[in-house]
Protein chains: 4
Amino acid sequence: MCRWLAYSGSPIRLEVLLYKPAHSLIDQSLHARMGVETTNGDGFGIGWYPADQGGPGLGEPGRVVEPAVFRGTGPAWSDRNLRELARCVSSPLFVAHIRASTGTAVQQTNCHPFRHGPWLWLHNGSIRAFPELKRDLMVAVDASLFPFIEGSTDSELMFHLALTFGLREDVPGAVERMAGFVEATAARHGVADALQMTVAVSEGTRLWAFRYSSERASRSLYFSTSVQALRALHPDNPVLQMASEQARIIVSEPLGDLPGAWNPVPESSYAVVQEGHDAIRTFRPQAAAV
Amino acid sequence: MCRWLAYSGSPIRLEVLLYKPAHSLIDQSLHARMGVETTNGDGFGIGWYPADQGGPGLGEPGRVVEPAVFRGTGPAWSDRNLRELARCVSSPLFVAHIRASTGTAVQQTNCHPFRHGPWLWLHNGSIRAFPELKRDLMVAVDASLFPFIEGSTDSELMFHLALTFGLREDVPGAVERMAGFVEATAARHGVADALQMTVAVSEGTRLWAFRYSSERASRSLYFSTSVQALRALHPDNPVLQMASEQARIIVSEPLGDLPGAWNPVPESSYAVVQEGHDAIRTFRPQAAAV
Amino acid sequence: MCRWLAYSGSPIRLEVLLYKPAHSLIDQSLHARMGVETTNGDGFGIGWYPADQGGPGLGEPGRVVEPAVFRGTGPAWSDRNLRELARCVSSPLFVAHIRASTGTAVQQTNCHPFRHGPWLWLHNGSIRAFPELKRDLMVAVDASLFPFIEGSTDSELMFHLALTFGLREDVPGAVERMAGFVEATAARHGVADALQMTVAVSEGTRLWAFRYSSERASRSLYFSTSVQALRALHPDNPVLQMASEQARIIVSEPLGDLPGAWNPVPESSYAVVQEGHDAIRTFRPQAAAV
Amino acid sequence: MCRWLAYSGSPIRLEVLLYKPAHSLIDQSLHARMGVETTNGDGFGIGWYPADQGGPGLGEPGRVVEPAVFRGTGPAWSDRNLRELARCVSSPLFVAHIRASTGTAVQQTNCHPFRHGPWLWLHNGSIRAFPELKRDLMVAVDASLFPFIEGSTDSELMFHLALTFGLREDVPGAVERMAGFVEATAARHGVADALQMTVAVSEGTRLWAFRYSSERASRSLYFSTSVQALRALHPDNPVLQMASEQARIIVSEPLGDLPGAWNPVPESSYAVVQEGHDAIRTFRPQAAAV
């Protein structure tokens, strides 16, 4: 049961969202309110697209930029390097994740985000009976992608299944096929309600956020509809006063208690954050041909 | 705000106390009930006197045995090496500590227990305004002991002050002089209510546990009066059924909810666990000549 | 290119072999002489069968004992916990490994030894073109064993292939089938000289050590023929003076320069250390039916 | 015996110097040639002044900027986060250090660089008989600086002594007084040839590099006299082709074998790198009034 955050907008320093809010993501590593566990101390990670090498509004839509990833195995709350980076790094699009392991090892290769070329992926939730299903799921990963799986989590495997099913061409379709394949595989093993997920995906210019579970009781997910909400959260923050109108934050749980600032992503749906026209659409698992 | 445990009795495997009880010390690393913080995830440590090299009842009272110390900087709840050791190591006298840092670095040299020759020391609490008082306190440490201070905590410094004030000859007296010296130093700096502590000390045959705070509102501390209580906690555990009648456990908070099993150590007092005649006595800080 | 050590005999403290010899395994972590790399600083591990719970000569041949495993991701030379354990733990059968990664992540689940029930496995060498072959090799692992693969190394996968091919019933045969399967899989991919290995295996009473490479230019491997050699290495060590005549050490490279103390395991062969009748036999990869 | 590097010039990505050269600093972590030890695997650190927040040539000479510091306790050669940062972070002035401990603990607070406000400090060498001298040296640290000492190294203590002796007003003078004080303190204890050091210091616009030892046999230290040398090292590197003429690198040992590229800093002297007029001057320890 993890917590995560994704930001897209004009470049801001990471600490503005990771440390400054009253119920910041780092605070949630010790005191999460809406998760199954209050403590998310089994590692963490951030991924960011450098401010000067791409990102929204830079006018280079076709450019492939490999984002930076920083991951640690200790709790986020006491990590000094994370605090340093958050203070000094600015980015127009970044994600952050704090982990509560559901049993797999606490190691860097199990920390989110996972990366493949320009793509970042992070996940909260789990695949039920994963040890039993793992082999059948792994066999479905494309042979060219197989060597890139480094850790042992369901989350990383879901990412590589989505890549196998066409993530690079059609993000929502590939995630729907991944979900459908996981559910079909589970069904063959007699496992019901197999998938529980909120997922964030990006390639540096757009940001997708999914909320879905087989049992239709998905983990919480919220988005900030407008930069006004963000500014109201931090009236004294000069960076936010300069933030572009397109700035959006998506989070597992709200960063503060400001009324009206946060909207739940509906059950079985996904949001796209992109220049000009954000959208929320229905999410439906699809059959996948392996 | 840490949690700790100390055991003295016939040799048992560490996991019997660290992992098996319903509200074990490892459970307390995630879900402490009586501390200021519920999470104690900033490192941990265990110290044990080998079963075959000394300890109570081995008939070698004058033998000096250096105990083993194992300390880690991650949370205890996910440490696989700790689980392995707890499963395989037996000891007649051991201590364990889970740490919630009050600001000093999360590093092995700040984890308890601290060791000097055969002596082990662990502490829950703090010295108020420690950064301000630290220099004056360190200067008082005996020159021959000074090089052995490796970390940056108040706890380790308290240990070396107690050693300076004669811990090896008179444990209660040395701890009382240490407390008196800390309070006097704080008073000179205009700091009131300087000391907050529960402390465990051992040299391999006896075990002392102190409960004191300058403001007389000390952190919780409990002891198990009889092995009967322990057996009732674990009626199915064959090791405990074989435990000697002298077995004693001292803990920051009870390991379970068994009525009658745990007794609070009174405010401003200390307990001695030793062969034949346990005792609880009054603790009074004393003036120390530096 | 790692270094490893295995010991079988009367119980001794681990430090006697890990730290005390002039060219001890810990010294080899900084200054290996016979490997491809002089530094083996990418993690380490030890595995031991508790002295009082099994091992050679304890008269319980059929008893299944899960050995203890302690693994760390930093260099062995600076690990304080390893030094503590080596000082305090005694065992009649233990193994130790220092790692030099050939590219896979430095993480605990990639450190040797690997364990399955009572079995321990450690490896020096590699599978050529492992990223390309990995998927075909993993698919061959028995479905019931698949969930136990936690890391990303060729070494751990070789272990699970050997378990798939009957390690628990026939150690040499299973390792020969594993080697044959790896070579056959590599051949299908056009990869020559696929396997390079020295391997140690134990279940707590016997110890097997393999030396093999597809190209017949295997990594170095040595065994001590007699406890006399060991005693001559450490004439002042009282523990060794009490060692049983059956004590044997197998190492990647000798622990010292004593003439006559160390014998190379011949190319393409394996040694069995067991009560009464040690043996060295020829190793021949075999075809395996998947 | 550590290795370090300092750069001042137009902003470049850190990897250009840390990873790309044939005998880069990261390569030196495994294969140092000129140090006492070939392996520098006991932690590492980098410190950098953000490209967009200050540094040479930014026209804000009086601005105080706190540099970013990233430190790790494992070997630099396998640290993935270091590689990520080096790839994505650009800076006009940065330092890097790889550590070979001379006995003190391997922990983040013992890793270089050390920081105080805008100041960075790194050191190669040692104070002889440091455990014996430590108390007298620590007592001399100004009371307001004392709480900022977090680790246990001689290097960090030297930094805080230099701060005590006026580093913020007069860098060379303060370092000379620190050296004089260390030598005088050692002399009182009967310790000869007490100090061995190469030191780098910066506040974000200037860079000082010292080479000194009491016995006049100092650790190696080199500087690149001109950007032409740097360009010749990397003829294909577009970043360097754009580097300003003022770019300077100072290193414990050369990053490659290019003839003429590297000049030794003379024995008992120091270099200042600053806009317009670099200089090399004589270093003479001075008496310090405590």
# chains A, B, ... in the order shown; residues from 1 in each chain; ligands from 1
$ interface_residues --of "chain C" --to "chain A" --cutoff "10 Å" --atoms "only C-alpha atoms" --output "number ranges by chain"
C: 104-109, 130-136, 138-139, 141-153
$ write_last_selection --atoms "C-alpha atoms" --output "short mmCIF file (atom, residue, chain, number, x, y, z; two decimals), in the first residue's frame"
data_model
loop_
_atom_site.label_atom_id
_atom_site.label_comp_id
_atom_site.auth_asym_id
_atom_site.auth_seq_id
_atom_site.Cartn_x
_atom_site.Cartn_y
_atom_site.Cartn_z
CA THR C 104 23.47 -7.13 -12.12
CA ALA C 105 22.31 -4.93 -9.28
CA VAL C 106 24.12 -4.80 -5.95
CA GLN C 107 21.32 -5.91 -3.64
CA GLN C 108 20.84 -8.45 -0.88
CA THR C 109 18.80 -10.80 -3.06
CA PHE C 130 22.87 -14.07 -19.77
CA PRO C 131 20.43 -11.22 -20.62
CA GLU C 132 19.73 -12.92 -23.95
CA LEU C 133 19.34 -16.40 -22.48
CA LYS C 134 17.58 -15.48 -19.26
CA ARG C 135 14.00 -15.87 -20.42
CA ASP C 136 14.50 -19.35 -21.88
CA MET C 138 13.66 -19.06 -16.40
CA VAL C 139 10.83 -20.73 -18.24
CA VAL C 141 12.30 -23.55 -13.73
CA ASP C 142 9.63 -25.67 -12.09
CA ALA C 143 6.44 -23.72 -11.43
CA SER C 144 6.57 -24.56 -7.72
CA LEU C 145 10.09 -23.12 -7.45
CA PHE C 146 9.56 -20.05 -9.61
CA PRO C 147 8.18 -17.80 -6.85
CA PHE C 148 11.32 -18.31 -4.77
CA ILE C 149 13.59 -16.54 -7.25
CA GLU C 150 14.06 -13.13 -5.64
CA GLY C 151 17.07 -11.62 -7.35
CA SER C 152 18.34 -11.15 -10.88
CA THR C 153 21.57 -13.15 -11.04
#
$ select_by_dssp --residues "stretch 45-273 of chain D" --states "strand (DSSP E or B)" --output "number ranges by chain"
D: 45-49, 68-72, 90-98, 114-116, 119-127, 195-202, 207-213, 222-224, 248-251, 262-264, 269-273
$ closest_residue --among "D:Glu215, D:Asp42, D:Glu183, D:Asp154" --to "C:Ala76" --atoms "only C-alpha atoms"
D:Asp42
$ select_by_dssp --residues "stretch 97-214 of chain D" --states "alpha helix (DSSP H)" --output "JSON, numbers by chain"
{"D": [130, 131, 132, 133, 134, 135, 136, 137, 138, 139, 154, 155, 156, 157, 158, 159, 160, 161, 162, 163, 164, 171, 172, 173, 174, 175, 176, 177, 178, 179, 180, 181, 182, 183, 184, 185, 186, 187, 188]}
$ closest_residue --among "B:Met34, B:Ala261, B:Cys2, B:Ala217" --to "B:His123" --atoms "only C-alpha atoms"
B:Cys2
$ atom_distance --atom1 "atom CA of A:Ser24" --atom2 "atom CA of A:Arg71"
18.2 Å
$ residues_around --residues "stretch 272-283 of chain B" --least-positions-apart "6" --cutoff "7 Å" --atoms "only C-alpha atoms" --output "ChimeraX atom specification"
/B:176,205-209
$ residues_around --residues "D:Asp27" --least-positions-apart "3" --cutoff "10 Å" --atoms "only C-alpha atoms" --output "list in words"
Leu18, Tyr19, Lys20, Pro21, Ala22, His23, Ser24, Leu30, His31, Ala32, Thr39, Asn40, Ala76, Trp77 and Leu255 of chain D
$ residues_around --residues "D:Val175" --least-positions-apart "4" --cutoff "10 Å" --atoms "only C-alpha atoms" --output "PyMOL selection string"
chain D and resi 158-159+161-163+165-167+170-171+179-181+199+201+210+283-286
$ residues_around --residues "B:Leu14" --least-positions-apart "5" --cutoff "9 Å" --atoms "only C-alpha atoms" --output "PyMOL selection string"
chain B and resi 19+85-91+94
$ write_last_selection --atoms "N, CA, C and O atoms" --output "short mmCIF file (atom, residue, chain, number, x, y, z; two decimals), in the first residue's frame"
data_model
loop_
_atom_site.label_atom_id
_atom_site.label_comp_id
_atom_site.auth_asym_id
_atom_site.auth_seq_id
_atom_site.Cartn_x
_atom_site.Cartn_y
_atom_site.Cartn_z
N TYR B 19 10.02 -11.52 17.97
CA TYR B 19 9.06 -11.68 16.89
C TYR B 19 7.76 -12.37 17.29
O TYR B 19 6.72 -12.10 16.71
N LEU B 85 19.16 -13.86 12.46
CA LEU B 85 19.88 -13.97 13.72
C LEU B 85 18.95 -14.33 14.86
O LEU B 85 19.26 -15.18 15.68
N ALA B 86 17.79 -13.67 14.88
CA ALA B 86 16.85 -13.93 15.98
C ALA B 86 16.41 -15.39 15.97
O ALA B 86 16.16 -15.98 17.02
N ARG B 87 16.35 -15.98 14.79
CA ARG B 87 15.96 -17.38 14.67
C ARG B 87 17.05 -18.32 15.15
O ARG B 87 16.77 -19.40 15.69
N CYS B 88 18.30 -17.93 14.94
CA CYS B 88 19.40 -18.88 15.16
C CYS B 88 20.25 -18.63 16.40
O CYS B 88 21.03 -19.49 16.78
N VAL B 89 20.15 -17.44 16.98
CA VAL B 89 21.01 -17.13 18.11
C VAL B 89 20.24 -17.30 19.43
O VAL B 89 19.11 -16.83 19.56
N SER B 90 20.86 -17.99 20.37
CA SER B 90 20.32 -18.14 21.72
C SER B 90 21.22 -17.39 22.69
O SER B 90 22.43 -17.32 22.49
N SER B 91 20.62 -16.85 23.73
CA SER B 91 21.43 -16.12 24.71
C SER B 91 20.72 -16.09 26.06
O SER B 91 19.49 -16.03 26.13
N PHE B 94 20.23 -10.73 26.80
CA PHE B 94 20.34 -9.92 25.59
C PHE B 94 19.45 -8.70 25.68
O PHE B 94 18.52 -8.64 26.49
#
$ residues_around --residues "stretch 220-236 of chain A" --least-positions-apart "5" --cutoff "6 Å" --atoms "only C-alpha atoms" --output "list of chain:residue names"
A:Glu245, A:Ala247, A:Arg248, A:Ile249, A:Ile250, A:Val251, A:Ser252, A:Ala261, A:Trp262, A:Asn263, A:Pro264, A:Val265
$ closest_residue --among "A:Leu25, A:Ala287, A:Ala200, A:Val95" --to "A:Trp48" --atoms "only C-alpha atoms"
A:Val95
$ atom_distance --atom1 "atom CA of B:Pro11" --atom2 "atom CA of B:Val65"
15.9 Å
